[in-house]
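Have a look at entry21.pdb below; it lists PDB, N, CA and C atoms.
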```
ATOM      1  N   MET A  26     -61.874-155.330 -46.560  1.00  0.00           N
ATOM      2  CA  MET A  26     -60.912-156.200 -45.922  1.00  0.00           C
ATOM      3  C   MET A  26     -61.511-157.598 -45.855  1.00  0.00           C
ATOM      4  N   TYR A  27     -60.751-158.583 -46.261  1.00  0.00           N
ATOM      5  CA  TYR A  27     -61.207-159.966 -46.234  1.00  0.00           C
ATOM      6  C   TYR A  27     -60.439-160.710 -45.153  1.00  0.00           C
ATOM      7  N   ASN A  28     -61.166-161.378 -44.264  1.00  0.00           N
ATOM      8  CA  ASN A  28     -60.537-162.158 -43.211  1.00  0.00           C
ATOM      9  C   ASN A  28     -60.832-163.625 -43.479  1.00  0.00           C
ATOM     10  N   TRP A  29     -59.820-164.360 -43.846  1.00  0.00           N
ATOM     11  CA  TRP A  29     -59.994-165.753 -44.233  1.00  0.00           C
ATOM     12  C   TRP A  29     -60.172-166.701 -43.050  1.00  0.00           C
ATOM     13  N   SER A  30     -59.826-166.293 -41.846  1.00  0.00           N
ATOM     14  CA  SER A  30     -59.843-167.209 -40.710  1.00  0.00           C
ATOM     15  C   SER A  30     -61.116-167.130 -39.870  1.00  0.00           C
ATOM     16  N   VAL A  31     -62.050-166.257 -40.247  1.00  0.00           N
ATOM     17  CA  VAL A  31     -63.274-166.083 -39.462  1.00  0.00           C
ATOM     18  C   VAL A  31     -64.475-166.120 -40.390  1.00  0.00           C
ATOM     19  N   ASP A  32     -65.503-166.851 -39.993  1.00  0.00           N
ATOM     20  CA  ASP A  32     -66.756-166.861 -40.744  1.00  0.00           C
ATOM     21  C   ASP A  32     -67.543-165.631 -40.298  1.00  0.00           C
ATOM     22  N   GLU A  33     -67.374-164.539 -41.035  1.00  0.00           N
ATOM     23  CA  GLU A  33     -67.967-163.270 -40.636  1.00  0.00           C
ATOM     24  C   GLU A  33     -69.489-163.315 -40.643  1.00  0.00           C
ATOM     25  N   ALA A  34     -70.085-164.010 -41.598  1.00  0.00           N
ATOM     26  CA  ALA A  34     -71.547-164.088 -41.669  1.00  0.00           C
ATOM     27  C   ALA A  34     -72.106-164.752 -40.412  1.00  0.00           C
ATOM     28  N   GLN A  35     -71.484-165.828 -39.983  1.00  0.00           N
ATOM     29  CA  GLN A  35     -71.933-166.534 -38.779  1.00  0.00           C
ATOM     30  C   GLN A  35     -71.718-165.668 -37.531  1.00  0.00           C
ATOM     31  N   MET A  36     -70.564-165.027 -37.460  1.00  0.00           N
ATOM     32  CA  MET A  36     -70.257-164.177 -36.305  1.00  0.00           C
ATOM     33  C   MET A  36     -71.255-163.021 -36.206  1.00  0.00           C
ATOM     34  N   LYS A  37     -71.589-162.435 -37.351  1.00  0.00           N
ATOM     35  CA  LYS A  37     -72.530-161.321 -37.386  1.00  0.00           C
ATOM     36  C   LYS A  37     -73.906-161.760 -36.905  1.00  0.00           C
ATOM     37  N   LYS A  38     -74.292-162.990 -37.254  1.00  0.00           N
ATOM     38  CA  LYS A  38     -75.594-163.520 -36.858  1.00  0.00           C
ATOM     39  C   LYS A  38     -75.654-163.826 -35.362  1.00  0.00           C
ATOM     40  N   VAL A  39     -74.608-164.446 -34.850  1.00  0.00           N
ATOM     41  CA  VAL A  39     -74.581-164.901 -33.458  1.00  0.00           C
ATOM     42  C   VAL A  39     -74.406-163.751 -32.475  1.00  0.00           C
ATOM     43  N   ASP A  40     -73.503-162.829 -32.777  1.00  0.00           N
ATOM     44  CA  ASP A  40     -73.189-161.735 -31.848  1.00  0.00           C
ATOM     45  C   ASP A  40     -72.960-160.435 -32.621  1.00  0.00           C
ATOM     46  N   PRO A  41     -74.037-159.735 -32.994  1.00  0.00           N
ATOM     47  CA  PRO A  41     -73.890-158.527 -33.814  1.00  0.00           C
ATOM     48  C   PRO A  41     -73.006-157.446 -33.185  1.00  0.00           C
ATOM     49  N   LYS A  42     -73.151-157.198 -31.886  1.00  0.00           N
ATOM     50  CA  LYS A  42     -72.344-156.167 -31.239  1.00  0.00           C
ATOM     51  C   LYS A  42     -70.873-156.594 -31.171  1.00  0.00           C
ATOM     52  N   GLY A  43     -70.643-157.836 -30.821  1.00  0.00           N
ATOM     53  CA  GLY A  43     -69.277-158.361 -30.783  1.00  0.00           C
ATOM     54  C   GLY A  43     -68.630-158.307 -32.158  1.00  0.00           C
ATOM     55  N   TYR A  44     -69.416-158.603 -33.183  1.00  0.00           N
ATOM     56  CA  TYR A  44     -68.905-158.529 -34.550  1.00  0.00           C
ATOM     57  C   TYR A  44     -68.524-157.097 -34.907  1.00  0.00           C
ATOM     58  N   GLU A  45     -69.377-156.151 -34.537  1.00  0.00           N
ATOM     59  CA  GLU A  45     -69.112-154.744 -34.833  1.00  0.00           C
ATOM     60  C   GLU A  45     -67.793-154.285 -34.198  1.00  0.00           C
ATOM     61  N   ILE A  46     -67.571-154.669 -32.954  1.00  0.00           N
ATOM     62  CA  ILE A  46     -66.338-154.313 -32.251  1.00  0.00           C
ATOM     63  C   ILE A  46     -65.139-155.021 -32.881  1.00  0.00           C
ATOM     64  N   TRP A  47     -65.280-156.314 -33.161  1.00  0.00           N
ATOM     65  CA  TRP A  47     -64.194-157.080 -33.773  1.00  0.00           C
ATOM     66  C   TRP A  47     -63.823-156.482 -35.120  1.00  0.00           C
ATOM     67  N   ARG A  48     -64.823-156.163 -35.925  1.00  0.00           N
ATOM     68  CA  ARG A  48     -64.582-155.604 -37.257  1.00  0.00           C
ATOM     69  C   ARG A  48     -63.853-154.258 -37.162  1.00  0.00           C
ATOM     70  N   LEU A  49     -64.260-153.440 -36.201  1.00  0.00           N
ATOM     71  CA  LEU A  49     -63.620-152.146 -35.998  1.00  0.00           C
ATOM     72  C   LEU A  49     -62.148-152.323 -35.617  1.00  0.00           C
ATOM     73  N   GLU A  50     -61.870-153.232 -34.695  1.00  0.00           N
ATOM     74  CA  GLU A  50     -60.480-153.517 -34.305  1.00  0.00           C
ATOM     75  C   GLU A  50     -59.659-153.992 -35.496  1.00  0.00           C
ATOM     76  N   GLN A  51     -60.236-154.879 -36.288  1.00  0.00           N
ATOM     77  CA  GLN A  51     -59.543-155.391 -37.465  1.00  0.00           C
ATOM     78  C   GLN A  51     -59.230-154.276 -38.451  1.00  0.00           C
ATOM     79  N   MET A  52     -60.183-153.380 -38.664  1.00  0.00           N
ATOM     80  CA  MET A  52     -59.973-152.279 -39.597  1.00  0.00           C
ATOM     81  C   MET A  52     -58.890-151.329 -39.105  1.00  0.00           C
ATOM     82  N   ILE A  53     -58.858-151.082 -37.802  1.00  0.00           N
ATOM     83  CA  ILE A  53     -57.839-150.176 -37.259  1.00  0.00           C
ATOM     84  C   ILE A  53     -56.456-150.816 -37.354  1.00  0.00           C
ATOM     85  N   ASN A  54     -56.333-152.049 -36.919  1.00  0.00           N
ATOM     86  CA  ASN A  54     -55.029-152.700 -36.874  1.00  0.00           C
ATOM     87  C   ASN A  54     -54.533-153.215 -38.222  1.00  0.00           C
ATOM     88  N   TYR A  55     -55.451-153.709 -39.074  1.00  0.00           N
ATOM     89  CA  TYR A  55     -55.013-154.393 -40.290  1.00  0.00           C
ATOM     90  C   TYR A  55     -55.692-153.890 -41.558  1.00  0.00           C
ATOM     91  N   GLY A  56     -56.454-152.816 -41.478  1.00  0.00           N
ATOM     92  CA  GLY A  56     -57.213-152.339 -42.624  1.00  0.00           C
ATOM     93  C   GLY A  56     -56.368-152.048 -43.843  1.00  0.00           C
ATOM     94  N   GLU A  57     -57.010-152.155 -44.989  1.00  0.00           N
ATOM     95  CA  GLU A  57     -56.336-151.893 -46.251  1.00  0.00           C
ATOM     96  C   GLU A  57     -56.326-150.396 -46.531  1.00  0.00           C
ATOM     97  N   PRO A  58     -55.339-149.920 -47.273  1.00  0.00           N
ATOM     98  CA  PRO A  58     -55.320-148.508 -47.645  1.00  0.00           C
ATOM     99  C   PRO A  58     -56.601-148.145 -48.412  1.00  0.00           C
ATOM    100  N   GLY A  59     -57.148-147.009 -48.077  1.00  0.00           N
ATOM    101  CA  GLY A  59     -58.371-146.560 -48.735  1.00  0.00           C
ATOM    102  C   GLY A  59     -59.639-146.896 -47.971  1.00  0.00           C
ATOM    103  N   GLU A  60     -59.564-147.852 -47.040  1.00  0.00           N
ATOM    104  CA  GLU A  60     -60.729-148.169 -46.221  1.00  0.00           C
ATOM    105  C   GLU A  60     -60.918-147.062 -45.197  1.00  0.00           C
ATOM    106  N   LYS A  61     -62.151-146.683 -44.980  1.00  0.00           N
ATOM    107  CA  LYS A  61     -62.417-145.605 -44.036  1.00  0.00           C
ATOM    108  C   LYS A  61     -63.079-146.144 -42.781  1.00  0.00           C
ATOM    109  N   LEU A  62     -62.684-145.584 -41.652  1.00  0.00           N
ATOM    110  CA  LEU A  62     -63.309-145.922 -40.381  1.00  0.00           C
ATOM    111  C   LEU A  62     -64.549-145.071 -40.200  1.00  0.00           C
ATOM    112  N   ASN A  63     -65.522-145.619 -39.518  1.00  0.00           N
ATOM    113  CA  ASN A  63     -66.717-144.868 -39.180  1.00  0.00           C
ATOM    114  C   ASN A  63     -66.447-144.178 -37.838  1.00  0.00           C
ATOM    115  N   GLU A  64     -66.358-142.860 -37.863  1.00  0.00           N
ATOM    116  CA  GLU A  64     -66.025-142.102 -36.652  1.00  0.00           C
ATOM    117  C   GLU A  64     -67.023-142.363 -35.531  1.00  0.00           C
ATOM    118  N   ARG A  65     -68.291-142.451 -35.874  1.00  0.00           N
ATOM    119  CA  ARG A  65     -69.329-142.696 -34.877  1.00  0.00           C
ATOM    120  C   ARG A  65     -69.095-144.021 -34.159  1.00  0.00           C
ATOM    121  N   LEU A  66     -68.732-145.069 -34.916  1.00  0.00           N
ATOM    122  CA  LEU A  66     -68.475-146.370 -34.301  1.00  0.00           C
ATOM    123  C   LEU A  66     -67.214-146.351 -33.445  1.00  0.00           C
ATOM    124  N   VAL A  67     -66.200-145.645 -33.903  1.00  0.00           N
ATOM    125  CA  VAL A  67     -64.959-145.558 -33.117  1.00  0.00           C
ATOM    126  C   VAL A  67     -65.257-144.886 -31.782  1.00  0.00           C
ATOM    127  N   ARG A  68     -65.977-143.779 -31.807  1.00  0.00           N
ATOM    128  CA  ARG A  68     -66.315-143.086 -30.555  1.00  0.00           C
ATOM    129  C   ARG A  68     -67.212-143.949 -29.662  1.00  0.00           C
ATOM    130  N   LYS A  69     -68.174-144.636 -30.268  1.00  0.00           N
ATOM    131  CA  LYS A  69     -69.124-145.467 -29.516  1.00  0.00           C
ATOM    132  C   LYS A  69     -68.417-146.593 -28.758  1.00  0.00           C
ATOM    133  N   HIS A  70     -67.457-147.237 -29.404  1.00  0.00           N
ATOM    134  CA  HIS A  70     -66.799-148.412 -28.820  1.00  0.00           C
ATOM    135  C   HIS A  70     -65.391-148.121 -28.308  1.00  0.00           C
ATOM    136  N   TRP A  71     -65.042-146.854 -28.173  1.00  0.00           N
ATOM    137  CA  TRP A  71     -63.678-146.490 -27.801  1.00  0.00           C
ATOM    138  C   TRP A  71     -63.235-147.120 -26.486  1.00  0.00           C
ATOM    139  N   GLY A  72     -64.107-147.173 -25.508  1.00  0.00           N
ATOM    140  CA  GLY A  72     -63.746-147.731 -24.204  1.00  0.00           C
ATOM    141  C   GLY A  72     -63.262-149.171 -24.286  1.00  0.00           C
ATOM    142  N   ILE A  73     -63.795-149.922 -25.220  1.00  0.00           N
ATOM    143  CA  ILE A  73     -63.397-151.322 -25.405  1.00  0.00           C
ATOM    144  C   ILE A  73     -62.217-151.432 -26.358  1.00  0.00           C
ATOM    145  N   VAL A  74     -62.312-150.727 -27.466  1.00  0.00           N
ATOM    146  CA  VAL A  74     -61.345-150.863 -28.550  1.00  0.00           C
ATOM    147  C   VAL A  74     -59.968-150.314 -28.189  1.00  0.00           C
ATOM    148  N   LYS A  75     -59.915-149.255 -27.404  1.00  0.00           N
ATOM    149  CA  LYS A  75     -58.624-148.596 -27.160  1.00  0.00           C
ATOM    150  C   LYS A  75     -57.593-149.503 -26.510  1.00  0.00           C
ATOM    151  N   GLU A  76     -58.021-150.461 -25.727  1.00  0.00           N
ATOM    152  CA  GLU A  76     -57.088-151.378 -25.066  1.00  0.00           C
ATOM    153  C   GLU A  76     -56.653-152.521 -25.977  1.00  0.00           C
ATOM    154  N   ARG A  77     -57.344-152.690 -27.103  1.00  0.00           N
ATOM    155  CA  ARG A  77     -57.086-153.830 -27.974  1.00  0.00           C
ATOM    156  C   ARG A  77     -56.365-153.475 -29.270  1.00  0.00           C
ATOM    157  N   ILE A  78     -56.035-152.207 -29.455  1.00  0.00           N
ATOM    158  CA  ILE A  78     -55.384-151.806 -30.703  1.00  0.00           C
ATOM    159  C   ILE A  78     -53.940-151.398 -30.446  1.00  0.00           C
ATOM    160  N   ASP A  79     -53.195-151.290 -31.512  1.00  0.00           N
ATOM    161  CA  ASP A  79     -51.797-150.893 -31.448  1.00  0.00           C
ATOM    162  C   ASP A  79     -51.672-149.532 -30.752  1.00  0.00           C
ATOM    163  N   PRO A  80     -50.729-149.375 -29.819  1.00  0.00           N
ATOM    164  CA  PRO A  80     -50.592-148.112 -29.080  1.00  0.00           C
ATOM    165  C   PRO A  80     -50.377-146.886 -29.966  1.00  0.00           C
ATOM    166  N   GLU A  81     -49.667-147.056 -31.068  1.00  0.00           N
ATOM    167  CA  GLU A  81     -49.445-145.915 -31.955  1.00  0.00           C
ATOM    168  C   GLU A  81     -50.732-145.513 -32.672  1.00  0.00           C
ATOM    169  N   TYR A  82     -51.530-146.489 -33.076  1.00  0.00           N
ATOM    170  CA  TYR A  82     -52.821-146.184 -33.691  1.00  0.00           C
ATOM    171  C   TYR A  82     -53.740-145.517 -32.662  1.00  0.00           C
ATOM    172  N   ARG A  83     -53.691-146.010 -31.429  1.00  0.00           N
ATOM    173  CA  ARG A  83     -54.513-145.439 -30.361  1.00  0.00           C
ATOM    174  C   ARG A  83     -54.165-143.967 -30.159  1.00  0.00           C
ATOM    175  N   ALA A  84     -52.885-143.659 -30.069  1.00  0.00           N
ATOM    176  CA  ALA A  84     -52.458-142.278 -29.862  1.00  0.00           C
ATOM    177  C   ALA A  84     -52.886-141.394 -31.034  1.00  0.00           C
ATOM    178  N   TYR A  85     -52.758-141.906 -32.245  1.00  0.00           N
ATOM    179  CA  TYR A  85     -53.134-141.129 -33.423  1.00  0.00           C
ATOM    180  C   TYR A  85     -54.639-140.871 -33.458  1.00  0.00           C
ATOM    181  N   LEU A  86     -55.440-141.895 -33.169  1.00  0.00           N
ATOM    182  CA  LEU A  86     -56.896-141.710 -33.163  1.00  0.00           C
ATOM    183  C   LEU A  86     -57.325-140.738 -32.066  1.00  0.00           C
ATOM    184  N   GLU A  87     -56.711-140.830 -30.898  1.00  0.00           N
ATOM    185  CA  GLU A  87     -57.031-139.882 -29.829  1.00  0.00           C
ATOM    186  C   GLU A  87     -56.681-138.462 -30.259  1.00  0.00           C
ATOM    187  N   PHE A  88     -55.566-138.302 -30.948  1.00  0.00           N
ATOM    188  CA  PHE A  88     -55.145-137.001 -31.452  1.00  0.00           C
ATOM    189  C   PHE A  88     -56.183-136.430 -32.418  1.00  0.00           C
ATOM    190  N   LEU A  89     -56.725-137.286 -33.275  1.00  0.00           N
ATOM    191  CA  LEU A  89     -57.709-136.833 -34.262  1.00  0.00           C
ATOM    192  C   LEU A  89     -59.099-136.606 -33.674  1.00  0.00           C
ATOM    193  N   LEU A  90     -59.519-137.495 -32.790  1.00  0.00           N
ATOM    194  CA  LEU A  90     -60.907-137.476 -32.332  1.00  0.00           C
ATOM    195  C   LEU A  90     -61.171-136.554 -31.154  1.00  0.00           C
ATOM    196  N   TRP A  91     -60.169-136.301 -30.341  1.00  0.00           N
ATOM    197  CA  TRP A  91     -60.378-135.469 -29.161  1.00  0.00           C
ATOM    198  C   TRP A  91     -59.361-134.334 -29.130  1.00  0.00           C
ATOM    199  N   PRO A  92     -59.546-133.336 -29.983  1.00  0.00           N
ATOM    200  CA  PRO A  92     -58.571-132.222 -30.033  1.00  0.00           C
ATOM    201  C   PRO A  92     -58.516-131.430 -28.748  1.00  0.00           C
ATOM    202  N   SER A  93     -59.583-131.432 -27.945  1.00  0.00           N
ATOM    203  CA  SER A  93     -59.551-130.675 -26.692  1.00  0.00           C
ATOM    204  C   SER A  93     -58.497-131.243 -25.734  1.00  0.00           C
ATOM    205  N   LYS A  94     -58.294-132.557 -25.750  1.00  0.00           N
ATOM    206  CA  LYS A  94     -57.246-133.151 -24.936  1.00  0.00           C
ATOM    207  C   LYS A  94     -55.878-132.714 -25.423  1.00  0.00           C
ATOM    208  N   ARG A  95     -55.734-132.595 -26.703  1.00  0.00           N
ATOM    209  CA  ARG A  95     -54.467-132.177 -27.316  1.00  0.00           C
ATOM    210  C   ARG A  95     -54.129-130.753 -26.878  1.00  0.00           C
ATOM    211  N   ASP A  96     -55.151-129.876 -26.855  1.00  0.00           N
ATOM    212  CA  ASP A  96     -54.938-128.479 -26.472  1.00  0.00           C
ATOM    213  C   ASP A  96     -54.521-128.361 -25.013  1.00  0.00           C
ATOM    214  N   LYS A  97     -55.029-129.239 -24.148  1.00  0.00           N
ATOM    215  CA  LYS A  97     -54.687-129.175 -22.723  1.00  0.00           C
ATOM    216  C   LYS A  97     -53.240-129.584 -22.463  1.00  0.00           C
ATOM    217  N   LEU A  98     -52.657-130.387 -23.366  1.00  0.00           N
ATOM    218  CA  LEU A  98     -51.283-130.813 -23.178  1.00  0.00           C
ATOM    219  C   LEU A  98     -50.284-129.701 -23.453  1.00  0.00           C
ATOM    220  N   SER A  99     -50.670-128.707 -24.223  1.00  0.00           N
ATOM    221  CA  SER A  99     -49.741-127.633 -24.599  1.00  0.00           C
ATOM    222  C   SER A  99     -49.480-126.699 -23.439  1.00  0.00           C
TER     223      SER A  99
END
```

Can you present the structure in this file as structure tokens?
Amino acid sequence: MYNWSVDEAQMKKVDPKGYEIWRLEQMINYGEPGEKLNERLVRKHWGIVKERIDPEYRAYLEFLLWPSKRDKLS
């Protein structure tokens, strides 16, 4: 995914953790077909990312990542 409005190299240098979270949000909301999310990163930053992504994507990721919650709803 190419983001023309952000200098990613500079952002990565200045705030590596912030860049990681920003990049993850961008991939979830605007990622290109075929790009894969890193499950470990999604789980690691879920507390921050879940409030910043599209509600439908959030529900779908929760469905995939936490099947035990899905089972309790039945």

Point to revise | Shell around A:Glu60 at 12 Å using only C-alpha atoms, local window under 3 positions removed, as number ranges by chain | key: A: 26-27, 49, 51-57, 63

Point to revise | d(atom N of A:Leu90, atom CA of A:Leu62) in Å | key: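 So the two atoms, atom N of A:Leu90 and atom CA of A:Leu62, lie 12.0 Å apart.
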
Review point. Rounded to one decimal in Å, what is the spacing between atom C of A:Pro92 and atom N of A:Glu45?
Key: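 According to the coordinates, atom C of A:Pro92 and atom N of A:Glu45 are separated by 27.6 Å.
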
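Here the question is which of A:Ile46, A:Gln35, A:Pro58, A:Tyr85 gets nearest to A:Gly72 using only C-alpha atoms, and that residue is A:Ile46.
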
Exercise for review: Taking the DSSP assignment computed from this structure's backbone, write out as a count of residues only all residues of stretch 40-93 of chain A that belong to helix (DSSP H, G or I).
Suggested key: 38

Review point. Can you tell me how far atom CA of A:Ser30 sits from atom CA of A:Ala84, in Å to one decimal?
Key: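 It comes out at 28.2 Å.
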
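Considering the residues A:Lys37, A:Tyr44, A:Trp71, A:Glu50 and counting only C-alpha atoms, A:Glu87 has its shortest atom-to-atom contact with A:Trp71.
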
Axis-aligned box over every listed atom of stretch 28-44 of chain A, padded by 4 Å per side: centre and edges in Å to one decimal, as lines of an AutoDock Vina configuration file?
```
center_x = -67.7
center_y = -161.7
center_z = -37.5
size_x = 23.8
size_y = 19.0
size_z = 21.5
```
